[in-house]
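Asker: Just so it is clear, I am handing over run-v6.cif, which has mmCIF, C-alpha atoms and all ligand atoms.
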data_upload
loop_
_atom_site.label_atom_id
_atom_site.label_comp_id
_atom_site.auth_asym_id
_atom_site.auth_seq_id
_atom_site.Cartn_x
_atom_site.Cartn_y
_atom_site.Cartn_z
CA MET A 678 0.00 0.00 0.00
CA LYS A 679 2.74 2.41 1.09
CA GLN A 680 4.75 1.51 -2.01
CA ILE A 681 1.81 2.17 -4.26
CA ARG A 682 1.29 5.53 -2.64
CA GLN A 683 4.96 6.40 -3.13
CA LEU A 684 4.77 5.36 -6.75
CA GLY A 685 1.72 7.57 -7.08
CA ILE A 686 3.61 10.52 -5.64
CA ILE A 687 6.59 9.89 -7.93
CA ALA A 688 4.30 9.69 -10.96
CA HIS A 689 2.64 12.90 -9.83
CA ILE A 690 5.98 14.69 -9.51
CA ALA A 691 7.02 13.40 -12.92
CA VAL A 692 3.86 14.77 -14.49
CA ILE A 693 4.31 18.18 -12.85
CA ALA A 694 7.98 18.25 -13.87
CA GLY A 695 7.02 17.29 -17.40
CA ILE A 696 4.42 20.02 -17.62
CA THR A 697 6.82 22.59 -16.15
CA LEU A 698 9.54 21.58 -18.60
CA ALA A 699 7.19 21.60 -21.59
CA PHE A 700 5.75 24.94 -20.51
CA SER A 701 9.08 26.67 -19.90
CA SER A 702 10.69 25.40 -23.09
CA ALA A 703 7.55 26.34 -25.04
CA THR A 704 7.54 29.90 -23.69
CA PHE A 705 11.27 30.12 -24.29
CA ALA A 706 10.99 29.03 -27.91
CA ALA A 707 7.96 31.24 -28.58
CA GLU A 708 9.45 34.45 -27.18
CA ILE A 709 10.53 36.56 -30.14
CA GLU A 710 9.95 40.06 -28.72
CA SER A 711 13.56 40.33 -27.47
CA SER A 712 14.89 39.35 -30.92
CA LEU A 713 12.56 41.87 -32.55
CA ALA A 714 13.82 44.62 -30.23
CA ARG A 715 17.43 43.68 -30.92
CA GLY A 716 16.64 43.65 -34.64
CA GLY A 717 15.14 47.12 -34.25
CA GLN A 718 18.31 48.36 -32.57
CA LEU A 719 20.43 46.84 -35.35
CA TYR A 720 18.19 48.63 -37.87
CA ASP A 721 18.93 51.85 -35.98
CA LYS A 722 22.73 51.50 -35.68
CA TRP A 723 24.01 47.95 -36.13
CA TYR A 724 27.69 48.79 -35.60
CA LYS A 725 26.94 50.23 -32.16
CA VAL A 726 24.97 47.11 -31.13
CA ILE A 727 27.69 44.66 -32.16
CA LYS A 728 30.53 47.01 -31.09
CA ALA A 729 32.06 46.91 -34.56
CA GLU A 730 34.23 49.67 -35.93
CA LYS A 731 32.19 52.38 -37.70
CA PRO A 732 32.43 52.06 -41.50
CA LYS A 733 34.58 54.96 -42.76
CA ASN A 734 33.54 55.20 -46.39
CA THR A 735 30.12 56.20 -47.70
CA HIS A 736 27.81 53.28 -48.52
CA PRO A 737 28.04 52.52 -52.27
CA ALA A 738 24.21 52.62 -52.56
CA TRP A 739 24.04 56.12 -51.05
CA PRO A 740 23.02 58.38 -53.97
CA ALA A 741 25.74 60.81 -55.10
CA ALA A 742 23.04 63.49 -55.40
CA ASN A 743 22.73 63.57 -51.62
CA THR A 744 25.86 65.35 -50.42
CA LYS A 745 24.40 66.24 -47.02
CA LYS A 746 25.34 62.92 -45.41
CA LYS A 747 28.42 60.77 -45.79
CA GLY A 748 30.42 58.14 -43.92
CA SER A 749 29.14 55.80 -41.20
CA THR A 750 25.61 57.18 -40.96
CA THR A 751 24.97 56.13 -44.58
CA TRP A 752 25.43 52.49 -43.44
CA ARG A 753 22.51 52.58 -40.98
CA CYS A 754 19.38 50.85 -42.30
CA LYS A 755 17.28 53.73 -40.98
CA SER A 756 19.25 56.29 -43.03
CA CYS A 757 18.05 54.79 -46.32
CA HIS A 758 14.74 53.27 -45.22
CA GLY A 759 13.53 55.72 -42.57
CA TRP A 760 12.33 55.69 -38.95
CA ASP A 761 8.83 55.22 -40.31
CA TYR A 762 10.11 52.35 -42.53
CA MET A 763 8.63 54.10 -45.58
CA GLY A 764 11.79 55.50 -47.22
CA LYS A 765 10.98 57.99 -50.02
CA ASP A 766 7.26 57.68 -49.29
CA GLY A 767 7.63 58.77 -45.67
CA ALA A 768 9.41 61.46 -43.64
CA TYR A 769 12.59 61.05 -45.72
CA ALA A 770 10.80 62.22 -48.87
CA SER A 771 12.68 65.47 -48.18
CA GLY A 772 15.44 66.80 -45.96
CA SER A 773 19.00 65.64 -45.34
CA TYR A 774 18.11 61.94 -45.65
CA ASP A 775 16.32 62.31 -48.99
CA THR A 776 17.71 59.40 -51.04
CA GLY A 777 14.76 58.39 -53.23
CA ILE A 778 15.12 54.84 -51.83
CA LYS A 779 12.02 52.83 -51.09
CA GLY A 780 10.95 51.72 -47.64
CA ILE A 781 11.01 48.28 -46.07
CA ASN A 782 7.26 48.41 -45.39
CA GLY A 783 6.57 46.29 -48.47
CA MET A 784 8.47 43.46 -46.78
CA ARG A 785 6.12 43.08 -43.82
CA GLY A 786 5.37 39.40 -43.42
CA ALA A 787 8.05 38.36 -45.93
CA ASP A 788 10.11 35.22 -45.46
CA PRO A 789 13.08 36.16 -43.21
CA ALA A 790 15.44 34.10 -45.42
CA LYS A 791 14.57 36.36 -48.36
CA ILE A 792 15.29 39.45 -46.25
CA VAL A 793 18.66 38.05 -45.15
CA ALA A 794 19.50 37.48 -48.82
CA ILE A 795 18.64 41.13 -49.60
CA MET A 796 20.99 42.39 -46.85
CA LYS A 797 23.77 40.30 -48.38
CA ASP A 798 23.06 41.28 -52.00
CA LYS A 799 25.30 43.48 -54.16
CA THR A 800 23.32 46.65 -53.35
CA HIS A 801 23.63 46.21 -49.59
CA GLY A 802 26.95 44.36 -49.21
CA PHE A 803 26.49 43.48 -45.53
CA ALA A 804 27.77 39.88 -45.87
CA GLY A 805 30.61 39.35 -43.41
CA MET A 806 29.90 42.58 -41.51
CA MET A 807 27.46 40.97 -39.07
CA ASP A 808 26.98 37.38 -37.92
CA GLU A 809 24.06 35.06 -38.71
CA GLY A 810 22.29 35.82 -35.42
CA ASP A 811 22.38 39.52 -36.25
CA PHE A 812 20.96 38.92 -39.75
CA GLN A 813 18.22 36.73 -38.24
CA ASP A 814 17.18 39.41 -35.73
CA LEU A 815 17.21 42.10 -38.44
CA ALA A 816 15.15 39.97 -40.82
CA LEU A 817 12.69 39.12 -38.06
CA PHE A 818 12.30 42.82 -37.29
CA VAL A 819 11.68 43.68 -40.96
CA SER A 820 9.17 40.84 -41.32
CA LYS A 821 7.36 40.99 -37.97
CA GLY A 822 8.53 44.00 -35.98
CA GLN A 823 7.71 47.07 -38.07
CA GLU A 824 4.89 49.20 -36.79
CA ASP A 825 2.50 51.01 -39.07
CA MET A 826 3.43 54.39 -37.62
CA ASP A 827 0.65 56.26 -39.40
CA LYS A 828 -1.70 54.42 -37.05
CA TYR A 829 -0.05 56.12 -34.06
CA ILE A 830 1.38 59.41 -35.33
CA ASP A 831 -0.42 62.10 -37.28
CA ARG A 832 1.87 62.99 -40.18
CA ALA A 833 0.78 66.61 -40.57
CA SER A 834 0.90 67.69 -36.90
CA LYS A 835 3.54 65.10 -35.87
CA MET A 836 1.42 64.50 -32.77
CA PRO A 837 0.79 61.07 -31.27
CA LYS A 838 -2.81 59.98 -31.94
CA GLY A 839 -4.73 59.59 -28.70
CA GLY A 840 -1.92 59.77 -26.16
CA ASP A 841 -2.74 60.83 -22.59
CA ALA A 842 0.02 63.21 -21.41
CA ALA A 843 -0.95 62.95 -17.71
CA ARG A 844 -0.63 59.16 -17.74
CA GLY A 845 2.53 59.52 -19.82
CA GLU A 846 4.06 61.74 -17.15
CA VAL A 847 3.59 59.00 -14.56
CA TYR A 848 5.21 56.43 -16.86
CA PHE A 849 8.04 58.80 -17.72
CA ASN A 850 8.82 59.85 -14.17
CA THR A 851 8.93 56.24 -12.96
CA LEU A 852 10.47 54.44 -15.96
CA CYS A 853 12.64 56.96 -17.75
CA ALA A 854 13.55 59.89 -15.49
CA GLN A 855 16.36 58.07 -13.68
CA CYS A 856 18.35 58.36 -16.92
CA HIS A 857 16.66 61.27 -18.70
CA ALA A 858 15.64 63.54 -15.74
CA LYS A 859 12.01 64.59 -15.34
CA ASP A 860 12.53 67.41 -17.85
CA GLY A 861 14.06 65.10 -20.48
CA SER A 862 17.37 66.96 -20.55
CA LEU A 863 19.73 64.09 -19.60
CA PRO A 864 22.02 62.27 -20.29
CA LYS A 865 24.41 65.19 -20.71
CA ASP A 866 25.83 64.06 -24.06
CA MET A 867 22.37 63.75 -25.66
CA ASP A 868 22.39 66.55 -28.24
CA LYS A 869 18.67 67.38 -28.11
CA THR A 870 16.25 67.28 -25.16
CA LEU A 871 13.54 64.64 -25.47
CA GLY A 872 11.03 67.49 -25.88
CA LYS A 873 12.96 68.71 -28.92
CA GLN A 874 13.36 65.13 -30.14
CA MET A 875 9.57 65.02 -30.63
CA GLY A 876 10.22 67.00 -33.82
CA ASN A 877 10.95 63.51 -35.15
CA PRO A 878 8.19 61.44 -33.50
CA TRP A 879 8.91 58.39 -35.71
CA GLU A 880 12.45 58.17 -34.34
CA VAL A 881 11.14 58.59 -30.79
CA MET A 882 8.55 55.85 -31.28
CA HIS A 883 11.16 53.50 -32.75
CA LYS A 884 13.55 54.15 -29.84
CA ILE A 885 10.86 53.69 -27.17
CA LEU A 886 9.70 50.39 -28.67
CA GLU A 887 13.12 48.93 -29.53
CA GLY A 888 15.53 50.65 -27.11
CA GLN A 889 18.69 52.67 -27.71
CA PRO A 890 21.60 50.81 -29.39
CA GLY A 891 24.43 50.04 -26.99
CA GLU A 892 22.64 51.54 -23.95
CA GLN A 893 20.81 50.08 -20.94
CA MET A 894 17.56 51.69 -22.05
CA PRO A 895 14.63 49.23 -21.95
CA ALA A 896 12.53 48.36 -25.03
CA LEU A 897 8.79 48.73 -24.46
CA ARG A 898 7.65 46.72 -27.49
CA ALA A 899 6.21 43.94 -25.30
CA LEU A 900 3.85 46.41 -23.62
CA ASP A 901 0.64 47.92 -24.93
CA ARG A 902 1.21 50.60 -27.61
CA GLN A 903 -1.01 52.94 -25.59
CA ILE A 904 1.86 53.30 -23.08
CA THR A 905 4.18 54.49 -25.86
CA LEU A 906 1.51 56.91 -27.10
CA ASP A 907 1.02 58.30 -23.58
CA LEU A 908 4.79 58.70 -23.18
CA MET A 909 5.06 60.55 -26.49
CA ALA A 910 2.16 62.83 -25.55
CA HIS A 911 4.02 63.73 -22.36
CA LEU A 912 7.32 64.28 -24.21
CA THR A 913 5.67 66.94 -26.38
CA THR A 914 5.08 68.97 -23.18
CA LEU A 915 8.75 68.90 -22.04
CA PRO A 916 11.25 71.76 -22.57
CA LYS A 917 12.74 71.95 -26.05
CA GLU A 918 15.96 73.61 -24.88
CA LYS A 919 18.43 72.53 -22.19
C1 LIG B 1001 22.81 53.14 -48.52
C2 LIG B 1001 21.40 52.82 -48.56
C3 LIG B 1001 20.89 51.55 -47.94
C4 LIG B 1001 21.16 51.05 -46.69
C5 LIG B 1001 22.11 51.58 -45.63
C6 LIG B 1001 20.32 49.89 -46.54
N1 LIG B 1001 19.57 49.70 -47.67
FE1 LIG B 1001 18.09 48.34 -47.91
N2 LIG B 1001 17.79 48.98 -49.82
C7 LIG B 1001 18.51 49.98 -50.44
C8 LIG B 1001 18.06 50.10 -51.82
C9 LIG B 1001 18.62 51.07 -52.83
C10 LIG B 1001 17.04 49.14 -51.98
C11 LIG B 1001 16.22 48.88 -53.23
C12 LIG B 1001 16.92 47.92 -54.08
C13 LIG B 1001 16.12 47.62 -55.33
O1 LIG B 1001 14.91 47.82 -55.34
O2 LIG B 1001 16.74 47.17 -56.27
C14 LIG B 1001 16.89 48.46 -50.71
C15 LIG B 1001 15.97 47.47 -50.47
C16 LIG B 1001 15.80 46.83 -49.24
C17 LIG B 1001 14.78 45.87 -48.95
C18 LIG B 1001 13.72 45.37 -49.94
C19 LIG B 1001 12.53 46.28 -49.92
C20 LIG B 1001 11.50 45.88 -50.95
O3 LIG B 1001 10.30 46.07 -50.70
O4 LIG B 1001 11.88 45.41 -52.02
C21 LIG B 1001 14.94 45.47 -47.65
C22 LIG B 1001 14.11 44.46 -46.88
C23 LIG B 1001 16.07 46.19 -47.13
N3 LIG B 1001 16.55 47.02 -48.13
C24 LIG B 1001 16.56 46.05 -45.86
C25 LIG B 1001 17.67 46.74 -45.35
C26 LIG B 1001 18.22 46.52 -44.03
C27 LIG B 1001 17.67 45.56 -42.99
C28 LIG B 1001 19.29 47.35 -43.91
C29 LIG B 1001 20.27 47.47 -42.78
C30 LIG B 1001 20.97 46.26 -42.39
C31 LIG B 1001 19.37 48.11 -45.16
N4 LIG B 1001 18.39 47.69 -46.01
C32 LIG B 1001 20.29 49.12 -45.39
C33 LIG B 1001 19.44 50.80 -49.85
C34 LIG B 1001 19.92 50.67 -48.56
C1 LIG B 1002 19.08 53.09 -18.16
C2 LIG B 1002 18.96 54.43 -18.70
C3 LIG B 1002 17.80 54.75 -19.59
C4 LIG B 1002 16.46 54.55 -19.35
C5 LIG B 1002 15.80 53.90 -18.15
C6 LIG B 1002 15.78 55.11 -20.48
N1 LIG B 1002 16.67 55.64 -21.37
FE1 LIG B 1002 16.23 56.60 -23.10
N2 LIG B 1002 18.22 56.73 -23.53
C7 LIG B 1002 19.25 56.41 -22.67
C8 LIG B 1002 20.51 56.77 -23.28
C9 LIG B 1002 21.89 56.60 -22.65
C10 LIG B 1002 20.21 57.33 -24.55
C11 LIG B 1002 21.19 57.88 -25.59
C12 LIG B 1002 21.40 59.34 -25.31
C13 LIG B 1002 22.30 60.00 -26.32
O1 LIG B 1002 21.90 60.12 -27.50
O2 LIG B 1002 23.39 60.43 -25.93
C14 LIG B 1002 18.76 57.29 -24.67
C15 LIG B 1002 18.05 57.76 -25.76
C16 LIG B 1002 16.69 57.93 -25.82
C17 LIG B 1002 15.97 58.50 -26.93
C18 LIG B 1002 16.59 58.95 -28.24
C19 LIG B 1002 17.13 60.34 -28.12
C20 LIG B 1002 17.92 60.73 -29.34
O3 LIG B 1002 18.54 61.81 -29.30
O4 LIG B 1002 17.96 60.00 -30.32
C21 LIG B 1002 14.65 58.53 -26.59
C22 LIG B 1002 13.49 59.06 -27.43
C23 LIG B 1002 14.54 57.96 -25.27
N3 LIG B 1002 15.80 57.60 -24.84
C24 LIG B 1002 13.36 57.81 -24.57
C25 LIG B 1002 13.24 57.09 -23.37
C26 LIG B 1002 11.99 56.82 -22.72
C27 LIG B 1002 10.63 57.33 -23.16
C28 LIG B 1002 12.29 56.04 -21.63
C29 LIG B 1002 11.34 55.42 -20.63
C30 LIG B 1002 10.36 54.51 -21.17
C31 LIG B 1002 13.72 55.86 -21.59
N4 LIG B 1002 14.26 56.51 -22.66
C32 LIG B 1002 14.40 55.15 -20.61
C33 LIG B 1002 19.10 55.81 -21.44
C34 LIG B 1002 17.92 55.42 -20.85
#
Since I need it in another form, could you write the structure as structure tokens?
Ligand code: HEC
Ligand code: HEC

Answerer:
Amino acid sequence: MKQIRQLGIIAHIAVIAGITLAFSSATFAAEIESSLARGGQLYDKWYKVIKAEKPKNTHPAWPAANTKKKGSTTWRCKSCHGWDYMGKDGAYASGSYDTGIKGINGMRGADPAKIVAIMKDKTHGFAGMMDEGDFQDLALFVSKGQEDMDKYIDRASKMPKGGDAARGEVYFNTLCAQCHAKDGSLPKDMDKTLGKQMGNPWEVMHKILEGQPGEQMPALRALDRQITLDLMAHLTTLPKEK
């Protein structure tokens, strides 16, 4: 009798252990948000994320007609394809990043292998500059991580659609102010205050969702987009000058 009971307990433990194992490995395998955020940071400034040397030359696909930018910045995905992922059809239709290059928005949902192949093609020439894990995260971001920013940001006014600044202030003061100060003026070496940075709300939204390359800043992409909208609404109220 006692033996049977012990066997029962052992079987019970085995079942629980099995479930726990299956559950934890399932959640582990299914979690792609951290890869998407890392892919988003690589899209922003891959050489900062992987601590590679900055490319010195200008990217061969950078159009000669654009003489406003040269050197390492022309190697960032965002410089050719935009913070809104729409390239010539988005915010980079004019200004210092006007290249006439299309966005990556047409590649939403595309097979990541196809996107990796594009990054390694003759136009891009990234083969050997990053490792396979980096290409995977980038491709995953292009395929599954891009937001439709027009859903969240009004293009004409550059204002977040439906953000609550009062709620955003609470989020900002508890999640962000330890690094950025309540007025958005820190860290010291940041060239513009976060209030001023709202002149480019697409960049701000990208950074809030994916994080800042090479920094300890968290990525909020796993949280509800409303939190990002509330934060952006608050940022528009912060001082524009230091
Ligand atoms: C110097 C400019 C430049 C940079 C930097 C650049 N690209 Fe591109 N990209 C292009 C051009 C030009 C095309 C269009 C090629 C064509 O249509 O023949 C393109 C096309 C693409 C496409 C296909 C879009 C479509 O709908 O056909 C994807 C995806 C892409 N790039 C991803 C990336 C990623 C990811 C990075 C960063 C690792 C990157 N690109 C960096 C210039 C650039
Ligand atoms: C652990 C510190 C840390 C936390 C927490 C943090 N950030 Fe940052 N953030 C940084 C650093 C460092 C930079 C890079 C500053 C620079 O450009 O010199 C940065 C950059 C940014 C930028 C881009 C500014 C630019 O000039 O491109 C935005 C926008 C931003 N943070 C918003 C936020 C928001 C919103 C939060 C809260 C949800 C937050 N950050 C939390 C450290 C942090």

Asker: Residues within 8 Å of ligand LIG 1002 (chain B) (only C-alpha atoms and all ligand atoms), as a PyMOL selection string?

Answerer: chain A and resi 848-849+852-857+863-871+874-875+880-882+884-885+888-889+892-897+905+908-909+912

Asker: Which one of A:Asn743, A:Thr800, A:Ser711, A:Asp766 sits closest to ligand LIG 1001 (chain B) if you count only C-alpha atoms and all ligand atoms?

Answerer: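 Smallest separation from ligand LIG 1001 (chain B) among the options: A:Thr800.
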
Asker: Just to confirm, what's the straight-line distance from atom CA of A:Gly783 to atom CA of A:Gly748 in Å (one decimal)?

Answerer: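 About the pair atom CA of A:Gly783 and atom CA of A:Gly748: they are 27.0 Å apart.
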
Asker: Neighbours of ligand LIG 1001 (chain B) within 7 Å, counting only C-alpha atoms and all ligand atoms, as JSON, numbers by chain?

Answerer: {"A": [720, 736, 737, 738, 739, 751, 752, 753, 754, 756, 757, 758, 778, 779, 780, 781, 782, 783, 784, 792, 795, 796, 800, 801, 803, 815, 816, 819]}

Asker: Given the choices A:Asp907, A:Asp788, A:Asp798, A:Asp814, which gets closest to A:Ile709 if the distance is worked out from all atoms listed in the file?

Answerer: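 For A:Ile709, the nearest of the given residues is A:Asp814.
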
Asker: List every protein, DNA or RNA residue that has an atom no more than 12 Å from (-0.5, 65.6, -30.3) in the file's coordinate frame, counting all atoms listed in the file, and report them as an MDAnalysis selection string.

Answerer: chainID A and resid 829:842 875:876 878 906:914

Asker: Would you compute the distance between atom CA of A:Gly845 and atom CA of A:Asp721? Give it in Å to one decimal.

Answerer: 24.3 Å

Asker: Enter the distance from atom CA of A:Lys746 to atom CA of A:Ala770, in Å, rounded to one decimal.

Answerer: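 Here the two named atoms are 15.0 Å from each other.
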
Asker: So that I can see what lies close to A:Ile727, please list as a list in words the residues with an atom at most 12 Å from it, counting all atoms listed in the file and leaving out residues fewer than 5 positions away in the same chain.

Answerer: Arg715, Gly716, Gln718, Leu719, Tyr720, Asp721, Lys722, Met806, Met807, Asp808, Gly810, Asp811, Phe812, Pro890, Gly891 and Glu892 of chain A
